[in-house]
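For reference, run_23.cif (mmCIF, C-alpha atoms):
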```
data_input
#
loop_
_atom_site.label_atom_id
_atom_site.label_comp_id
_atom_site.auth_asym_id
_atom_site.auth_seq_id
_atom_site.Cartn_x
_atom_site.Cartn_y
_atom_site.Cartn_z
CA MET T 1 39.82 116.56 -82.38
CA SER T 2 36.64 115.45 -80.66
CA ASP T 3 34.52 112.33 -81.06
CA THR T 4 31.56 114.70 -81.60
CA ASN T 5 33.13 115.93 -84.83
CA PRO T 6 30.67 115.69 -87.77
CA SER T 7 33.16 113.48 -89.60
CA ALA T 8 33.01 110.85 -86.86
CA ASN T 9 31.54 107.42 -87.52
CA ILE T 10 28.41 107.59 -85.33
CA SER T 11 27.29 104.01 -85.74
CA VAL T 12 28.70 100.55 -85.11
CA ARG T 13 30.50 99.00 -88.09
CA TYR T 14 30.67 95.33 -89.01
CA ILE T 15 33.49 94.12 -91.22
CA GLU T 16 33.69 90.61 -92.65
CA VAL T 17 37.24 89.30 -92.74
CA GLU T 18 38.42 88.42 -96.24
CA GLU T 19 40.37 85.23 -96.90
CA ASP T 20 43.60 87.08 -97.60
CA GLN T 21 43.30 88.75 -94.18
CA ALA T 22 43.16 85.44 -92.32
CA GLY T 23 45.75 84.88 -89.61
CA GLN T 24 46.19 88.54 -88.70
CA ARG T 25 46.21 89.71 -85.10
CA ILE T 26 43.10 91.75 -84.32
CA ASP T 27 45.17 94.77 -83.20
CA ASN T 28 46.97 94.87 -86.57
CA PHE T 29 43.68 94.36 -88.42
CA LEU T 30 42.16 97.35 -86.60
CA ARG T 31 45.18 99.57 -87.18
CA THR T 32 44.60 99.08 -90.91
CA ALA T 33 40.82 99.45 -90.69
CA LEU T 34 41.07 102.51 -88.42
CA LYS T 35 43.84 104.53 -90.03
CA GLY T 36 44.34 107.78 -88.14
CA VAL T 37 43.08 106.39 -84.83
CA PRO T 38 45.75 106.40 -82.09
CA LYS T 39 47.12 102.97 -81.20
CA SER T 40 46.28 103.58 -77.53
CA MET T 41 42.61 104.02 -78.43
CA ILE T 42 42.60 100.80 -80.46
CA TYR T 43 43.94 98.83 -77.50
CA ARG T 44 41.46 100.54 -75.19
CA ILE T 45 38.40 99.53 -77.21
CA ILE T 46 39.72 95.95 -77.42
CA ARG T 47 40.33 95.79 -73.65
CA LYS T 48 36.88 97.22 -72.88
CA GLY T 49 35.26 94.52 -75.02
CA GLU T 50 33.85 97.00 -77.53
CA VAL T 51 35.51 95.06 -80.34
CA ARG T 52 33.84 91.69 -80.92
CA VAL T 53 34.68 88.87 -83.31
CA ASN T 54 31.66 86.68 -84.07
CA LYS T 55 29.95 88.34 -81.06
CA LYS T 56 32.76 87.30 -78.69
CA ARG T 57 35.44 89.36 -76.92
CA ILE T 58 38.99 89.00 -78.15
CA LYS T 59 42.45 89.79 -76.80
CA PRO T 60 44.78 92.16 -78.72
CA ASP T 61 46.94 89.24 -79.91
CA GLY T 62 43.92 87.12 -80.90
CA ARG T 63 43.90 86.09 -84.57
CA ILE T 64 41.05 86.39 -87.03
CA GLN T 65 40.02 84.02 -89.82
CA GLY T 66 38.36 84.43 -93.19
CA GLY T 67 34.60 84.92 -92.80
CA ASP T 68 34.83 86.24 -89.23
CA LEU T 69 32.56 89.18 -88.48
CA VAL T 70 34.35 92.00 -86.62
CA ARG T 71 32.29 94.54 -84.68
CA ILE T 72 33.90 98.00 -84.45
CA PRO T 73 32.34 100.56 -82.08
CA PRO T 74 31.61 104.19 -83.12
CA ILE T 75 34.99 105.88 -83.33
CA ARG T 76 36.42 108.85 -85.15
CA VAL T 77 38.65 108.09 -88.13
CA SER T 78 40.89 110.86 -89.40
CA GLU T 79 39.92 112.40 -92.68
CA PRO T 80 42.55 112.45 -95.44
CA ASN T 81 43.25 116.15 -94.82
CA ASP T 82 44.11 115.33 -91.19
CA VAL T 83 47.24 113.48 -92.32
CA PRO T 84 50.36 115.68 -92.13
CA ILE T 85 51.87 116.44 -95.51
CA VAL T 86 55.35 114.99 -95.92
CA GLY T 87 57.97 117.53 -96.94
CA LYS T 88 59.77 117.23 -100.26
CA ALA T 89 63.15 116.79 -98.57
CA LEU T 90 61.98 113.76 -96.57
CA LEU T 91 60.32 112.18 -99.61
CA GLU T 92 63.54 112.60 -101.58
CA LEU T 93 65.59 111.15 -98.72
CA LEU T 94 63.32 108.10 -98.45
CA GLU T 95 63.35 107.55 -102.22
CA ALA T 96 67.15 107.58 -102.10
CA SER T 97 67.02 105.18 -99.11
CA VAL T 98 65.17 102.37 -100.93
CA LEU T 99 67.48 99.33 -100.78
CA TYR T 100 65.17 96.82 -102.47
CA GLU T 101 61.75 96.96 -104.09
CA SER T 102 59.52 94.37 -105.74
CA LYS T 103 55.78 94.09 -106.38
CA ALA T 104 55.31 92.77 -102.84
CA LEU T 105 58.04 94.31 -100.68
CA ILE T 106 60.11 97.43 -100.01
CA VAL T 107 63.24 97.54 -97.84
CA ILE T 108 64.28 101.00 -96.63
CA ASN T 109 67.48 102.22 -95.00
CA LYS T 110 65.54 104.12 -92.32
CA PRO T 111 67.15 107.39 -91.20
CA SER T 112 67.85 107.84 -87.50
CA GLY T 113 65.34 110.14 -85.79
CA LEU T 114 62.35 109.02 -87.85
CA ALA T 115 59.77 106.97 -85.94
CA VAL T 116 58.36 103.98 -87.80
CA HIS T 117 54.80 105.27 -87.33
CA GLY T 118 52.97 108.25 -85.91
CA GLY T 119 51.43 108.31 -82.44
CA SER T 120 52.35 109.32 -78.87
CA GLY T 121 52.87 112.93 -79.88
CA ILE T 122 54.48 112.09 -83.23
CA ASN T 123 52.33 113.19 -86.16
CA LEU T 124 54.31 111.51 -88.86
CA GLY T 125 56.33 108.32 -89.13
CA LEU T 126 58.01 106.20 -91.79
CA ILE T 127 54.88 104.30 -92.79
CA GLU T 128 52.79 107.47 -93.19
CA ALA T 129 55.56 109.01 -95.30
CA MET T 130 55.88 105.88 -97.45
CA ARG T 131 52.14 105.93 -98.16
CA GLN T 132 52.59 109.42 -99.58
CA LEU T 133 55.74 108.38 -101.44
CA ARG T 134 53.87 105.44 -103.03
CA PRO T 135 50.27 106.80 -103.33
CA ASP T 136 49.25 104.14 -105.87
CA GLU T 137 49.99 101.29 -103.47
CA HIS T 138 46.74 100.29 -101.76
CA PHE T 139 48.49 98.16 -99.12
CA LEU T 140 51.61 99.28 -97.28
CA GLU T 141 52.28 97.87 -93.81
CA LEU T 142 55.33 97.63 -91.56
CA VAL T 143 56.66 94.08 -91.26
CA HIS T 144 58.66 94.84 -88.10
CA ARG T 145 59.96 97.87 -86.18
CA LEU T 146 63.07 99.80 -85.35
CA ASP T 147 63.51 102.26 -82.51
CA ARG T 148 63.16 105.88 -83.60
CA ASP T 149 66.89 106.59 -83.19
CA THR T 150 68.05 103.32 -84.79
CA SER T 151 68.86 103.44 -88.50
CA GLY T 152 69.02 100.75 -91.16
CA CYS T 153 67.08 97.94 -92.80
CA ILE T 154 63.33 97.86 -92.30
CA MET T 155 60.80 95.91 -94.36
CA ILE T 156 57.45 97.26 -95.59
CA ALA T 157 55.02 94.81 -97.21
CA LYS T 158 53.10 95.86 -100.33
CA LYS T 159 50.90 92.76 -100.29
CA ARG T 160 49.10 91.06 -97.42
CA SER T 161 50.43 87.66 -98.53
CA MET T 162 54.00 88.95 -98.15
CA LEU T 163 53.19 90.42 -94.74
CA ARG T 164 51.86 87.04 -93.56
CA HIS T 165 54.90 85.20 -94.96
CA LEU T 166 57.38 87.53 -93.25
CA HIS T 167 55.49 87.56 -89.94
CA GLU T 168 55.67 83.76 -89.93
CA ALA T 169 59.39 83.92 -90.75
CA LEU T 170 59.91 86.30 -87.83
CA ARG T 171 57.96 84.02 -85.46
CA GLN T 172 60.13 81.08 -86.47
CA ASN T 173 63.40 83.07 -86.19
CA ARG T 174 64.07 82.65 -89.92
CA VAL T 175 64.91 86.33 -90.47
CA ASN T 176 68.64 86.96 -90.06
CA LYS T 177 69.11 90.53 -88.79
CA ILE T 178 72.56 91.93 -88.05
CA TYR T 179 73.20 95.25 -86.36
CA HIS T 180 76.35 97.31 -85.91
CA ALA T 181 76.82 99.17 -82.64
CA LEU T 182 79.60 101.31 -81.21
CA VAL T 183 79.83 100.47 -77.52
CA VAL T 184 81.70 102.00 -74.60
CA GLY T 185 84.95 100.35 -73.50
CA LYS T 186 86.76 97.19 -74.56
CA TRP T 187 84.31 94.43 -75.46
CA GLU T 188 86.04 91.11 -74.83
CA SER T 189 85.94 88.71 -77.80
CA LYS T 190 85.01 85.82 -75.49
CA ASN T 191 81.85 87.71 -74.52
CA ASN T 192 80.03 86.44 -77.61
CA SER T 193 76.48 86.36 -76.26
CA VAL T 194 74.20 87.92 -73.66
CA ASP T 195 71.38 85.72 -72.40
CA ALA T 196 69.33 87.83 -69.98
CA PRO T 197 65.52 88.07 -69.55
CA LEU T 198 63.99 91.47 -70.29
CA ARG T 199 60.93 93.12 -68.83
CA LYS T 200 59.24 96.35 -69.91
CA ASN T 201 58.55 98.86 -67.16
CA GLU T 202 56.75 102.20 -67.23
CA LEU T 203 58.00 105.08 -65.13
CA GLN T 204 55.67 107.55 -63.41
CA SER T 205 56.41 110.01 -66.19
CA GLY T 206 54.97 107.52 -68.68
CA GLU T 207 58.39 106.80 -70.19
CA ARG T 208 58.92 103.17 -71.11
CA ILE T 209 62.14 101.54 -69.97
CA VAL T 210 63.35 97.95 -70.28
CA LYS T 211 65.37 96.18 -67.59
CA VAL T 212 67.02 92.82 -67.09
CA GLN T 213 64.80 91.06 -64.55
CA PRO T 214 64.43 87.37 -63.59
CA ASP T 215 60.69 87.41 -64.36
CA GLY T 216 61.22 89.00 -67.78
CA LYS T 217 60.91 87.36 -71.20
CA ALA T 218 63.79 85.15 -72.35
CA SER T 219 66.14 87.24 -74.51
CA LEU T 220 69.33 86.30 -76.35
CA THR T 221 71.74 88.42 -78.40
CA ARG T 222 74.94 87.17 -80.03
CA PHE T 223 77.92 89.52 -80.40
CA LYS T 224 81.14 89.68 -82.40
CA VAL T 225 83.91 92.28 -82.24
CA LEU T 226 84.44 94.11 -85.55
CA ARG T 227 86.94 96.85 -84.63
CA ARG T 228 88.56 98.20 -81.50
CA PHE T 229 89.28 101.86 -80.82
CA ALA T 230 90.92 103.61 -77.86
CA GLN T 231 87.80 103.91 -75.70
CA THR T 232 85.13 102.15 -77.73
CA THR T 233 84.47 98.94 -79.68
CA LEU T 234 82.49 98.42 -82.88
CA VAL T 235 80.49 95.21 -82.47
CA GLU T 236 78.14 93.14 -84.56
CA ALA T 237 74.93 92.26 -82.72
CA LYS T 238 72.56 89.53 -83.82
CA PRO T 239 69.31 89.40 -81.81
CA VAL T 240 68.01 85.82 -81.64
CA THR T 241 64.85 87.05 -79.92
CA GLY T 242 63.12 90.31 -80.77
CA ARG T 243 62.41 92.18 -77.55
CA THR T 244 61.93 95.95 -77.19
CA HIS T 245 65.31 97.75 -76.81
CA GLN T 246 66.98 94.32 -76.64
CA ILE T 247 70.43 95.20 -78.02
CA ARG T 248 70.54 98.48 -76.09
CA VAL T 249 69.74 96.83 -72.76
CA HIS T 250 71.93 93.77 -73.33
CA THR T 251 74.98 95.91 -74.10
CA GLN T 252 74.26 98.00 -71.00
CA PHE T 253 73.91 94.80 -68.93
CA ALA T 254 77.28 93.62 -70.26
CA GLY T 255 78.85 96.86 -69.01
CA HIS T 256 79.27 98.37 -72.48
CA PRO T 257 76.30 100.64 -73.31
CA ILE T 258 75.90 101.96 -76.84
CA VAL T 259 77.46 105.31 -77.62
CA GLY T 260 74.83 108.04 -78.03
CA ASP T 261 72.14 106.16 -76.11
CA GLU T 262 70.36 108.81 -74.04
CA LYS T 263 68.20 106.24 -72.22
CA TYR T 264 70.66 103.45 -71.37
CA GLY T 265 74.04 105.07 -72.03
CA VAL T 266 76.62 107.15 -70.15
CA GLU T 267 75.95 110.89 -70.39
CA SER T 268 79.58 112.01 -69.99
CA ILE T 269 80.82 109.62 -72.69
CA ASN T 270 77.97 110.57 -75.02
CA ARG T 271 78.98 114.20 -74.58
CA ASP T 272 82.63 113.45 -75.40
CA MET T 273 81.70 111.33 -78.42
CA LYS T 274 79.64 114.16 -79.88
CA LYS T 275 82.95 115.95 -80.39
CA GLN T 276 83.98 112.96 -82.53
CA GLY T 277 80.86 113.34 -84.67
CA VAL T 278 78.64 110.72 -83.01
CA ARG T 279 75.56 112.85 -82.34
CA ARG T 280 72.98 110.05 -82.25
CA LEU T 281 72.47 106.50 -81.05
CA PHE T 282 75.15 104.43 -82.80
CA LEU T 283 72.93 101.44 -83.57
CA HIS T 284 72.41 100.48 -87.19
CA SER T 285 70.53 97.57 -88.78
CA ALA T 286 73.27 96.77 -91.25
CA MET T 287 72.03 93.58 -92.89
CA LEU T 288 68.84 91.61 -93.35
CA GLN T 289 68.43 88.15 -94.86
CA VAL T 290 65.23 86.15 -95.36
CA ALA T 291 63.79 83.58 -97.77
CA LEU T 292 60.97 85.01 -99.90
CA PRO T 293 57.86 83.03 -100.95
CA GLU T 294 59.18 82.42 -104.48
CA GLY T 295 62.25 80.65 -103.07
CA GLU T 296 64.58 83.59 -103.64
CA THR T 297 66.73 84.65 -100.70
CA LEU T 298 66.62 88.36 -99.97
CA ASN T 299 70.00 89.65 -98.78
CA VAL T 300 70.10 93.39 -98.21
CA LYS T 301 72.83 95.57 -96.72
CA ALA T 302 72.33 99.15 -95.55
CA PRO T 303 75.29 101.54 -95.72
CA LEU T 304 76.06 103.56 -92.61
CA GLU T 305 75.24 107.26 -92.85
CA SER T 306 78.21 109.45 -93.75
CA ALA T 307 78.40 111.20 -90.36
CA LEU T 308 78.92 107.89 -88.54
CA SER T 309 81.31 106.54 -91.19
CA SER T 310 83.40 109.70 -90.84
CA ALA T 311 83.34 109.36 -87.04
CA LEU T 312 84.70 105.81 -87.31
CA GLU T 313 87.46 107.02 -89.63
CA ARG T 314 88.44 109.69 -87.09
CA LEU T 315 88.49 107.15 -84.27
CA ALA T 316 90.65 104.82 -86.38
CA ALA T 317 93.06 107.64 -87.25
CA GLN T 318 93.40 108.55 -83.57
CA GLN T 319 94.04 104.90 -82.73
CA ASP T 320 96.73 104.61 -85.43
CA LYS T 321 98.39 107.82 -84.24
CA ALA T 322 98.44 106.55 -80.66
CA TYR T 323 100.12 103.30 -81.79
CA GLN T 324 102.77 105.23 -83.73
CA GLU T 325 103.57 107.45 -80.77
CA GLU T 326 103.96 104.40 -78.51
CA SER T 327 106.31 102.59 -80.92
#
```
Is it possible to give me this structure as structure tokens?
Amino acid sequence: MSDTNPSANISVRYIEVEEDQAGQRIDNFLRTALKGVPKSMIYRIIRKGEVRVNKKRIKPDGRIQGGDLVRIPPIRVSEPNDVPIVGKALLELLEASVLYESKALIVINKPSGLAVHGGSGINLGLIEAMRQLRPDEHFLELVHRLDRDTSGCIMIAKKRSMLRHLHEALRQNRVNKIYHALVVGKWESKNNSVDAPLRKNELQSGERIVKVQPDGKASLTRFKVLRRFAQTTLVEAKPVTGRTHQIRVHTQFAGHPIVGDEKYGVESINRDMKKQGVRRLFLHSAMLQVALPEGETLNVKAPLESALSSALERLAAQQDKAYQEES
């Protein structure tokens, strides 16, 4: 897919920012304007100064206002037939996974294993699939993200005004997100929070990994024990901050990595837990609560997939059997 392709845009484009687009970060604005262009390329043209707002350079997190004139350099935009076609099975799964839908918002119970968007070798993600599931919606944008292997509640805005409202709610920590995680070992009830700064690092292989480091960004997660099993604990995790891989790294830092975590977990335990039916990262966005613009409070719960529910039942049965044999 070369920039010399006849379908490339061979001239500079100028886009005037509309009033309902005001307040957006320039990187998010460009991802909408340049659908099909890899995220890495968007950040590259911003860093190189090829993107200008009112003839001035701008940083990726810089915000635009109504009436601003955005200069976009010549860059290839994928044609509609470049977009991978979503299979019928995935479309049916996503339709069945809709937890809430209004004229301005969709909340999906995202399946584990589905990235939220394409890129970095992934042709298709949740947002691309949702645009094919809802072809009549002219505006569909992710409000926030979940790791590829994490399941559960994720919000997709159908109107720019809703996207702005929810982004502001996220910035002000007014979105209540609760996760369920199965962690290794006995999590002590008194260990009800992990306050440890996180920093993103990139390995030589290009893999991104997050570590607790003194010079990292302040990060806080609150925890509560839900159920104990013989070798694991089901905990509720509430991230107060929203850092990359936050819950996964904080549980690892506490000495109780999440079961099924191939990046931060324990390989031998992950292997044993596969026999119990836990064949993926056991991290699930179970509940989401936020005030909507009309004053209504959205309160959505996402059921756990049947394979993980069955695994918990097996672990509970084994625990009960062990108690009976001891008594």
Looking at only C-alpha atoms, which of T:Lys158, T:His284, T:Arg164, T:Arg208 is the one that sits closest to Leu234 in chain T?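 Ranked by minimum distance to Leu234 in chain T, first place goes to T:His284.
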Contacts of range 155-157 of chain T at 10 Å or less, counting all atoms listed in the file, minus same-chain residues fewer than 6 places along, as an MDAnalysis selection string? chainID T and resid 99:110 126:127 130 139:145 163:166 288
Here's the selection I'm unsure about, the PyMOL selection byres ((chain T and resi 266) around 12); applied to the file above, which residues does it give, as a list in words?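 That expression, the PyMOL selection byres ((chain T and resi 266) around 12), corresponds here to Val183, Val184, Gly185, Gln252, Gly255, His256, Pro257, Ile258, Val259, Gly260, Asp261, Glu262, Lys263, Tyr264, Gly265, Glu267, Ser268, Ile269, Asn270, Arg271, Asp272, Met273 and Leu281 of chain T.
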Within-9 Å shell of (63.9, 87.7, -70.8) in input frame, all atoms listed in the file, as a list in words: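 All residues meeting the 9 Å criterion around (63.9, 87.7, -70.8) are Asp195, Ala196, Pro197, Leu198, Arg199, Val212, Gln213, Pro214, Asp215, Gly216, Lys217, Ala218, Ser219, Leu220 and Arg243 of chain T.
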Quick check, in Å to one decimal: how far apart do CA of Pro293 in chain T and CA of Glu168 in chain T lie?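 Interatomic distance, CA of Pro293 in chain T to CA of Glu168 in chain T: 11.3 Å.
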Among the residues T:Ile154, T:Thr251, T:Arg131, T:Met41, the one that comes closest to Lys186 in chain T [using all atoms listed in the file]: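 The shortest atom-to-atom distance to Lys186 in chain T comes from T:Thr251.
Proximity of T:Val86, T:Val290, T:Asn28, T:Pro73 to Lys48 in chain T, computed with all atoms listed in the file, is greatest for T:Pro73.
Take the candidates T:Trp187, T:Phe253, T:Phe282, T:Tyr179 and check each one against Glu236 in chain T using all atoms listed in the file; the shortest distance goes to T:Tyr179.
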Taking the file as I've supplied it (selection: the PyMOL selection byres ((chain T and resi 9-25) around 8)), which residues are included? Please answer as a ChimeraX atom specification. /T:7-8,26-29,60-77,160-161,164
Quick one: pull the distance between CA of Leu312 in chain T and CA of Pro111 in chain T, Å, one decimal.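 Distance reported for this atom pair: 18.0 Å.
The smallest atom-to-atom distance between Lys224 in chain T and any of T:Ile209, T:Glu137, T:Arg248, T:Leu182, using only C-alpha atoms, is found for T:Leu182.
With all atoms listed in the file as the basis for measurement, T:Gln318 is the residue among T:Gln318, T:Asn299, T:Gln246, T:Gln289 that approaches Gln276 in chain T most closely.
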Calculate how many Å separate CA of Met287 in chain T from CA of Ala230 in chain T, rounding to one decimal.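 Interatomic distance, CA of Met287 in chain T to CA of Ala230 in chain T: 26.1 Å.
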When the PyMOL selection byres ((chain T and resi 286) around 10) is applied to the structure above, which residues does it catch, written out as a PDB file with C-alpha atoms, keeping the file's coordinate frame?
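In the end it all went to result_2.pdb:
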```
ATOM      1  CA  ASN T 109      67.480 102.220 -95.000  1.00  0.00           C
ATOM      2  CA  SER T 151      68.860 103.440 -88.500  1.00  0.00           C
ATOM      3  CA  GLY T 152      69.020 100.750 -91.160  1.00  0.00           C
ATOM      4  CA  CYS T 153      67.080  97.940 -92.800  1.00  0.00           C
ATOM      5  CA  LYS T 177      69.110  90.530 -88.790  1.00  0.00           C
ATOM      6  CA  ILE T 178      72.560  91.930 -88.050  1.00  0.00           C
ATOM      7  CA  TYR T 179      73.200  95.250 -86.360  1.00  0.00           C
ATOM      8  CA  HIS T 180      76.350  97.310 -85.910  1.00  0.00           C
ATOM      9  CA  ALA T 181      76.820  99.170 -82.640  1.00  0.00           C
ATOM     10  CA  GLU T 236      78.140  93.140 -84.560  1.00  0.00           C
ATOM     11  CA  ALA T 237      74.930  92.260 -82.720  1.00  0.00           C
ATOM     12  CA  LEU T 283      72.930 101.440 -83.570  1.00  0.00           C
ATOM     13  CA  HIS T 284      72.410 100.480 -87.190  1.00  0.00           C
ATOM     14  CA  SER T 285      70.530  97.570 -88.780  1.00  0.00           C
ATOM     15  CA  MET T 287      72.030  93.580 -92.890  1.00  0.00           C
ATOM     16  CA  LEU T 288      68.840  91.610 -93.350  1.00  0.00           C
ATOM     17  CA  VAL T 300      70.100  93.390 -98.210  1.00  0.00           C
ATOM     18  CA  LYS T 301      72.830  95.570 -96.720  1.00  0.00           C
ATOM     19  CA  ALA T 302      72.330  99.150 -95.550  1.00  0.00           C
ATOM     20  CA  PRO T 303      75.290 101.540 -95.720  1.00  0.00           C
ATOM     21  CA  LEU T 304      76.060 103.560 -92.610  1.00  0.00           C
TER      22      LEU T 304
END
```
Once you count only C-alpha atoms, what closest atom pair and distance in Å to one decimal does each residue of range 196-300 of chain T within 7 Å of range 189-192 of chain T have, with rows by chain and rising residue number, as a Markdown table?
```
| residue | atom | partner | partner_atom | distance |
| --- | --- | --- | --- | --- |
| T:Arg222 | CA | T:Asn192 | CA | 5.7 |
| T:Phe223 | CA | T:Asn192 | CA | 4.7 |
| T:Lys224 | CA | T:Asn192 | CA | 5.9 |
| T:Val225 | CA | T:Ser189 | CA | 6.0 |
```
For Gly87 in chain T, work out the shell of residues within 12 Å, counting only C-alpha atoms and skipping chain neighbours fewer than 5 positions away, then give it as a ChimeraX atom specification. /T:92-94,124,128-130,132-133
Output C-alpha atoms of each residue in that selection to a file, as a PDB file, keeping the file's coordinate frame.
```pdb
ATOM      1  CA  GLU T  92      63.540 112.600-101.580  1.00  0.00           C
ATOM      2  CA  LEU T  93      65.590 111.150 -98.720  1.00  0.00           C
ATOM      3  CA  LEU T  94      63.320 108.100 -98.450  1.00  0.00           C
ATOM      4  CA  LEU T 124      54.310 111.510 -88.860  1.00  0.00           C
ATOM      5  CA  GLU T 128      52.790 107.470 -93.190  1.00  0.00           C
ATOM      6  CA  ALA T 129      55.560 109.010 -95.300  1.00  0.00           C
ATOM      7  CA  MET T 130      55.880 105.880 -97.450  1.00  0.00           C
ATOM      8  CA  GLN T 132      52.590 109.420 -99.580  1.00  0.00           C
ATOM      9  CA  LEU T 133      55.740 108.380-101.440  1.00  0.00           C
TER      10      LEU T 133
END
```
Hey, what's within 9 Å of Arg57 in chain T if we count all atoms listed in the file and toss same-chain stuff fewer than 6 positions away? As a PyMOL selection string, please? chain T and resi 46-51
Quick one: range 86-102 of chain T with N, CA, C and O atoms, as a compact mmCIF listing (two decimals), in the coordinates of the input?
```
# COMPACT_ATOMS: atom_id res chain seq x y z
N VAL T 86 53.92 115.27 -96.02
CA VAL T 86 55.35 114.99 -95.92
C VAL T 86 56.12 115.99 -96.77
O VAL T 86 55.77 116.24 -97.93
N GLY T 87 57.16 116.57 -96.21
CA GLY T 87 57.97 117.53 -96.94
C GLY T 87 58.75 116.91 -98.08
O GLY T 87 59.06 115.71 -98.07
N LYS T 88 59.06 117.70 -99.08
CA LYS T 88 59.77 117.23 -100.26
C LYS T 88 61.12 116.63 -99.90
O LYS T 88 61.53 115.61 -100.45
N ALA T 89 61.82 117.26 -98.94
CA ALA T 89 63.15 116.79 -98.57
C ALA T 89 63.10 115.38 -98.00
O ALA T 89 63.94 114.53 -98.33
N LEU T 90 62.10 115.10 -97.15
CA LEU T 90 61.98 113.76 -96.57
C LEU T 90 61.60 112.74 -97.63
O LEU T 90 62.14 111.61 -97.65
N LEU T 91 60.70 113.10 -98.53
CA LEU T 91 60.32 112.18 -99.61
C LEU T 91 61.52 111.84 -100.47
O LEU T 91 61.73 110.68 -100.85
N GLU T 92 62.35 112.85 -100.77
CA GLU T 92 63.54 112.60 -101.58
C GLU T 92 64.54 111.72 -100.83
O GLU T 92 65.18 110.84 -101.43
N LEU T 93 64.68 111.96 -99.53
CA LEU T 93 65.59 111.15 -98.72
C LEU T 93 65.13 109.70 -98.69
O LEU T 93 65.95 108.77 -98.85
N LEU T 94 63.83 109.47 -98.50
CA LEU T 94 63.32 108.10 -98.45
C LEU T 94 63.44 107.41 -99.80
O LEU T 94 63.76 106.21 -99.87
N GLU T 95 63.19 108.14 -100.88
CA GLU T 95 63.35 107.55 -102.22
C GLU T 95 64.79 107.10 -102.43
O GLU T 95 65.06 106.01 -102.98
N ALA T 96 65.73 107.92 -101.97
CA ALA T 96 67.15 107.58 -102.10
C ALA T 96 67.55 106.46 -101.13
O ALA T 96 68.63 105.86 -101.30
N SER T 97 66.70 106.19 -100.13
CA SER T 97 67.02 105.18 -99.11
C SER T 97 66.41 103.81 -99.41
O SER T 97 66.55 102.89 -98.60
N VAL T 98 65.74 103.68 -100.56
CA VAL T 98 65.17 102.37 -100.93
C VAL T 98 66.32 101.42 -101.28
O VAL T 98 67.10 101.69 -102.19
N LEU T 99 66.41 100.32 -100.56
CA LEU T 99 67.48 99.33 -100.78
C LEU T 99 67.02 98.21 -101.71
O LEU T 99 67.83 97.60 -102.40
N TYR T 100 65.72 97.93 -101.67
CA TYR T 100 65.17 96.82 -102.47
C TYR T 100 63.69 97.10 -102.66
O TYR T 100 63.02 97.58 -101.75
N GLU T 101 63.19 96.81 -103.86
CA GLU T 101 61.75 96.96 -104.09
C GLU T 101 61.28 95.96 -105.13
O GLU T 101 61.91 95.77 -106.18
N SER T 102 60.18 95.28 -104.81
CA SER T 102 59.52 94.37 -105.74
C SER T 102 58.03 94.68 -105.72
O SER T 102 57.61 95.65 -105.09
```
